[in-house]
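A quick write-up on the structure given underneath.
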Amino acid sequence: DVKVTQSSRYLVKRTGEKVFLECVQDMDHENMFWYRQDPGLGLRLIYFSYDVKMKEKGDIPEGYSVSREKKERFSLILESASTNQTSMYLCATQPGQGYEQYFGPGTRLTVT
Amino acid sequence: DAKTTQPNSMESNEEEPVHLPCNHSTISGTDYIHWYRQLPSQGPEYVIHGLTSNVNNRMASLAIAEDRKSSTLILHRATLRDAAVYYCILSGAGSYQLTFGKGTKLSVIP
């Protein structure tokens, strides 16, 4: 079975803090994704990566950056957290283009 | 991306079959039809996908209309653990991105 783990299930940070969310996969998948999910807005893609050190912007990249130094690890960085970044953050992996995606359990981030 | 339309909510009795519809009248010839579901407090979970022919796996069946403008996800025998939001998504063969809509919230009544 594919395993996608996220560093925390729940996280509380203060406005202005730098926040790191980490995602690790054990299936050697090429592609990794970061989404956020908000009530009434559904899942929205923030960034994705199709190879080590490669990244592409999704629909809502503003206020976020990402890092993929190793194939199995994809980090989402909030440079200066703001209250409107309070959300559920979901990581996903994908073996290749057009294939199904496998999601982690999510990190519920609250910024106060 | 081509859009999908799903009912907001559906109910089913436990142990009965469930047919979840999805309309995608603007689907292109290379779009795959994907279904995911999201149980409460969990990340989405892949269910099934297909292109033209009907598909079966251990979780569900996918029936695709001949003109491909609609599809139906079939759960053969609903259990309480199937209560979730079900998303129908179109994705091109060379596409990375999945665009999630609002989905159908399925309630299963014991």
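Residue numbers start at 1 in each chain; chains themselves are named A, B, ... in the order of the structure tokens; ligands are numbered from 1 in the order shown.
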
Secondary structure check, strand (DSSP E or B) residues of segment 5-102 of chain B, as a PyMOL selection string: chain B and resi 5+9-13+18-23+31-38+45-50+55-56+61-64+70-75+84-92

Who sits within 8 Å of Trp35 of chain B, only C-alpha atoms, same chain under 5 positions skipped, as a PyMOL selection string: chain B and resi 46-49+73+86-89

Nearby residues (only C-alpha atoms) at most 7 Å from segment 63-74 of chain A, same-chain spacing under 6 positions excluded, as a list of chain:residue names: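 What passes the distance filter is A:Glu22, A:Cys23, A:Val24, A:Gln25, A:Asp26, A:Asp28, A:Met32, A:Asp51, A:Val52, A:Lys53.
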
Hey, can you spit out that residue selection with C-alpha atoms as a PDB file, in the first residue's frame?
ATOM      1  CA  GLU A  22       6.362  18.199   5.483  1.00  0.00           C
ATOM      2  CA  CYS A  23       5.122  15.300   3.402  1.00  0.00           C
ATOM      3  CA  VAL A  24       6.913  11.980   2.963  1.00  0.00           C
ATOM      4  CA  GLN A  25       6.019   9.107   0.643  1.00  0.00           C
ATOM      5  CA  ASP A  26       7.403   5.586   0.499  1.00  0.00           C
ATOM      6  CA  ASP A  28       8.991   6.231  -5.234  1.00  0.00           C
ATOM      7  CA  MET A  32       3.868  15.279  -5.372  1.00  0.00           C
ATOM      8  CA  ASP A  51      10.827  15.749 -10.087  1.00  0.00           C
ATOM      9  CA  VAL A  52      13.464  16.532  -7.483  1.00  0.00           C
ATOM     10  CA  LYS A  53      14.119  20.267  -7.343  1.00  0.00           C
TER      11      LYS A  53
END

d(atom CA of His19 of chain B, atom CA of Ile64 of chain B) in Å: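 Distance reported for this atom pair: 12.2 Å.
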
List every residue of chain A that has an atom at most 6 Å from any atom of chain B, giving for each one its closest atom pair and the distance in Å to one decimal, counting only C-alpha atoms, sorted by chain and then by ascending residue number, as CSV.
residue,atom,partner,partner_atom,distance
A:Gly42,CA,B:Lys102,CA,6.0
A:Leu43,CA,B:Phe100,CA,5.8
A:Gln97,CA,B:Tyr96,CA,5.2
A:Gly98,CA,B:Ala93,CA,4.7
A:Phe103,CA,B:Gly43,CA,5.5
A:Gly104,CA,B:Gly43,CA,5.8
A:Pro105,CA,B:Gly43,CA,4.9
A:Gly106,CA,B:Gly43,CA,6.0

Distance criterion (only C-alpha atoms): nearest to Ser61 of chain B out of B:Val85, B:Leu75, B:Leu39, B:Cys22: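 Nearest candidate to Ser61 of chain B out of B:Val85, B:Leu75, B:Leu39, B:Cys22: B:Leu75.
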
Close residues, Pro61 of chain A itself excluded, 8 Å, only C-alpha atoms, min 4 positions apart in chain, as a ChimeraX atom specification: /A:46-47,57,65

What would the file look like if the residues just selected were written as an mmCIF file, in the first residue's frame with C-alpha atoms?
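Below you can see again-v8.cif, which holds the result:
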data_model
loop_
_atom_site.group_PDB
_atom_site.id
_atom_site.type_symbol
_atom_site.label_atom_id
_atom_site.label_comp_id
_atom_site.auth_asym_id
_atom_site.auth_seq_id
_atom_site.Cartn_x
_atom_site.Cartn_y
_atom_site.Cartn_z
ATOM 1 C CA ILE A 46 -1.109 25.251 -4.231
ATOM 2 C CA TYR A 47 2.028 23.751 -5.832
ATOM 3 C CA LYS A 57 2.581 26.727 -9.356
ATOM 4 C CA SER A 65 6.758 28.212 -1.383
#

All residues 10 Å or closer to segment 18-20 of chain A, only C-alpha atoms, same chain fewer than 4 positions away omitted, as a compact mmCIF listing (two decimals) with all heavy atoms, in the first residue's frame:
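So result.txt came out as:
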# COMPACT_ATOMS: atom_id res chain seq x y z
N SER A 7 3.69 15.63 8.50
CA SER A 7 4.44 15.78 9.75
C SER A 7 3.55 15.99 10.98
O SER A 7 3.89 15.54 12.07
CB SER A 7 5.44 16.93 9.64
OG SER A 7 4.85 18.06 9.03
N LEU A 11 -1.75 21.77 13.95
CA LEU A 11 -0.67 22.72 14.17
C LEU A 11 -1.28 24.08 14.46
O LEU A 11 -2.22 24.50 13.78
CB LEU A 11 0.18 22.80 12.90
CG LEU A 11 1.64 23.21 12.94
CD1 LEU A 11 2.42 22.37 13.94
CD2 LEU A 11 2.25 23.07 11.56
N VAL A 12 -0.75 24.77 15.47
CA VAL A 12 -1.20 26.12 15.78
C VAL A 12 0.01 27.03 15.73
O VAL A 12 1.01 26.78 16.40
CB VAL A 12 -1.87 26.21 17.16
CG1 VAL A 12 -2.32 27.64 17.44
CG2 VAL A 12 -3.06 25.27 17.25
N LYS A 13 -0.06 28.08 14.93
CA LYS A 13 1.05 29.02 14.76
C LYS A 13 0.53 30.44 14.91
O LYS A 13 -0.66 30.70 14.76
CB LYS A 13 1.69 28.84 13.38
CG LYS A 13 2.36 27.49 13.19
CD LYS A 13 3.60 27.37 14.04
CE LYS A 13 4.29 26.05 13.84
NZ LYS A 13 5.51 25.93 14.69
N ARG A 14 1.46 31.34 15.17
CA ARG A 14 1.10 32.75 15.29
C ARG A 14 1.33 33.48 13.98
O ARG A 14 2.20 33.10 13.18
CB ARG A 14 1.93 33.40 16.39
CG ARG A 14 1.62 32.86 17.79
CD ARG A 14 2.10 33.85 18.86
NE ARG A 14 1.85 33.32 20.19
CZ ARG A 14 0.68 33.43 20.81
NH1 ARG A 14 -0.34 34.03 20.24
NH2 ARG A 14 0.53 32.93 22.01
N TYR A 64 2.96 31.10 -0.44
CA TYR A 64 3.54 29.78 -0.18
C TYR A 64 4.79 29.57 -1.04
O TYR A 64 4.93 30.16 -2.10
CB TYR A 64 2.54 28.67 -0.53
CG TYR A 64 1.23 28.73 0.19
CD1 TYR A 64 0.13 29.36 -0.41
CD2 TYR A 64 1.07 28.16 1.45
CE1 TYR A 64 -1.10 29.42 0.25
CE2 TYR A 64 -0.15 28.21 2.09
CZ TYR A 64 -1.22 28.86 1.49
OH TYR A 64 -2.44 28.90 2.14
N SER A 65 5.67 28.73 -0.55
CA SER A 65 6.76 28.21 -1.38
C SER A 65 6.90 26.72 -1.07
O SER A 65 6.29 26.23 -0.11
CB SER A 65 8.07 28.96 -1.13
OG SER A 65 8.48 28.78 0.21
N VAL A 66 7.67 26.02 -1.90
CA VAL A 66 7.84 24.58 -1.70
C VAL A 66 9.31 24.21 -1.90
O VAL A 66 10.09 24.96 -2.48
CB VAL A 66 6.97 23.75 -2.67
CG1 VAL A 66 5.49 23.86 -2.32
CG2 VAL A 66 7.23 24.14 -4.11
N SER A 75 8.08 19.63 0.85
CA SER A 75 7.76 20.54 1.95
C SER A 75 7.01 21.75 1.45
O SER A 75 7.32 22.29 0.38
CB SER A 75 9.05 21.00 2.64
OG SER A 75 9.76 19.90 3.14
N LEU A 76 6.04 22.16 2.22
CA LEU A 76 5.30 23.40 1.96
C LEU A 76 5.73 24.41 3.00
O LEU A 76 5.75 24.10 4.20
CB LEU A 76 3.80 23.15 2.04
CG LEU A 76 2.89 24.36 1.79
CD1 LEU A 76 2.96 24.78 0.32
CD2 LEU A 76 1.45 24.06 2.18
N ILE A 77 6.06 25.61 2.56
CA ILE A 77 6.58 26.64 3.47
C ILE A 77 5.67 27.87 3.42
O ILE A 77 5.37 28.36 2.32
CB ILE A 77 8.01 27.02 3.09
CG1 ILE A 77 8.90 25.78 3.10
CG2 ILE A 77 8.57 28.09 4.04
CD1 ILE A 77 10.05 25.80 2.13
N LEU A 78 5.25 28.30 4.58
CA LEU A 78 4.54 29.57 4.70
C LEU A 78 5.55 30.55 5.27
O LEU A 78 5.95 30.44 6.43
CB LEU A 78 3.33 29.44 5.64
CG LEU A 78 2.11 28.67 5.14
CD1 LEU A 78 2.38 27.19 4.91
CD2 LEU A 78 0.94 28.86 6.09
N GLU A 79 6.02 31.47 4.44
CA GLU A 79 7.13 32.35 4.84
C GLU A 79 6.75 33.23 6.02
O GLU A 79 7.56 33.47 6.91
CB GLU A 79 7.54 33.21 3.66
CG GLU A 79 8.14 32.42 2.50
CD GLU A 79 9.53 31.88 2.81
OE1 GLU A 79 10.19 32.37 3.76
OE2 GLU A 79 9.96 30.94 2.11
N SER A 80 5.53 33.72 6.01
CA SER A 80 5.05 34.57 7.10
C SER A 80 3.54 34.30 7.24
O SER A 80 2.73 34.86 6.50
CB SER A 80 5.31 36.04 6.76
OG SER A 80 4.79 36.88 7.76
N ALA A 81 3.22 33.40 8.16
CA ALA A 81 1.84 32.91 8.24
C ALA A 81 0.85 34.04 8.52
O ALA A 81 1.13 34.96 9.30
CB ALA A 81 1.73 31.84 9.32
N SER A 82 -0.29 33.93 7.87
CA SER A 82 -1.37 34.90 8.11
C SER A 82 -2.64 34.13 8.45
O SER A 82 -2.77 32.93 8.15
CB SER A 82 -1.58 35.78 6.88
OG SER A 82 -2.02 35.00 5.80
N LEU A 109 -4.07 23.36 10.05
CA LEU A 109 -3.26 24.49 10.53
C LEU A 109 -4.17 25.63 10.96
O LEU A 109 -5.06 26.04 10.20
CB LEU A 109 -2.32 24.98 9.42
CG LEU A 109 -1.54 26.26 9.72
CD1 LEU A 109 -0.53 26.02 10.83
CD2 LEU A 109 -0.84 26.77 8.46
N VAL A 111 -3.81 29.55 12.29
CA VAL A 111 -2.91 30.69 12.48
C VAL A 111 -3.67 31.74 13.29
O VAL A 111 -4.75 32.20 12.88
CB VAL A 111 -2.46 31.28 11.13
CG1 VAL A 111 -1.47 32.43 11.37
CG2 VAL A 111 -1.82 30.21 10.26
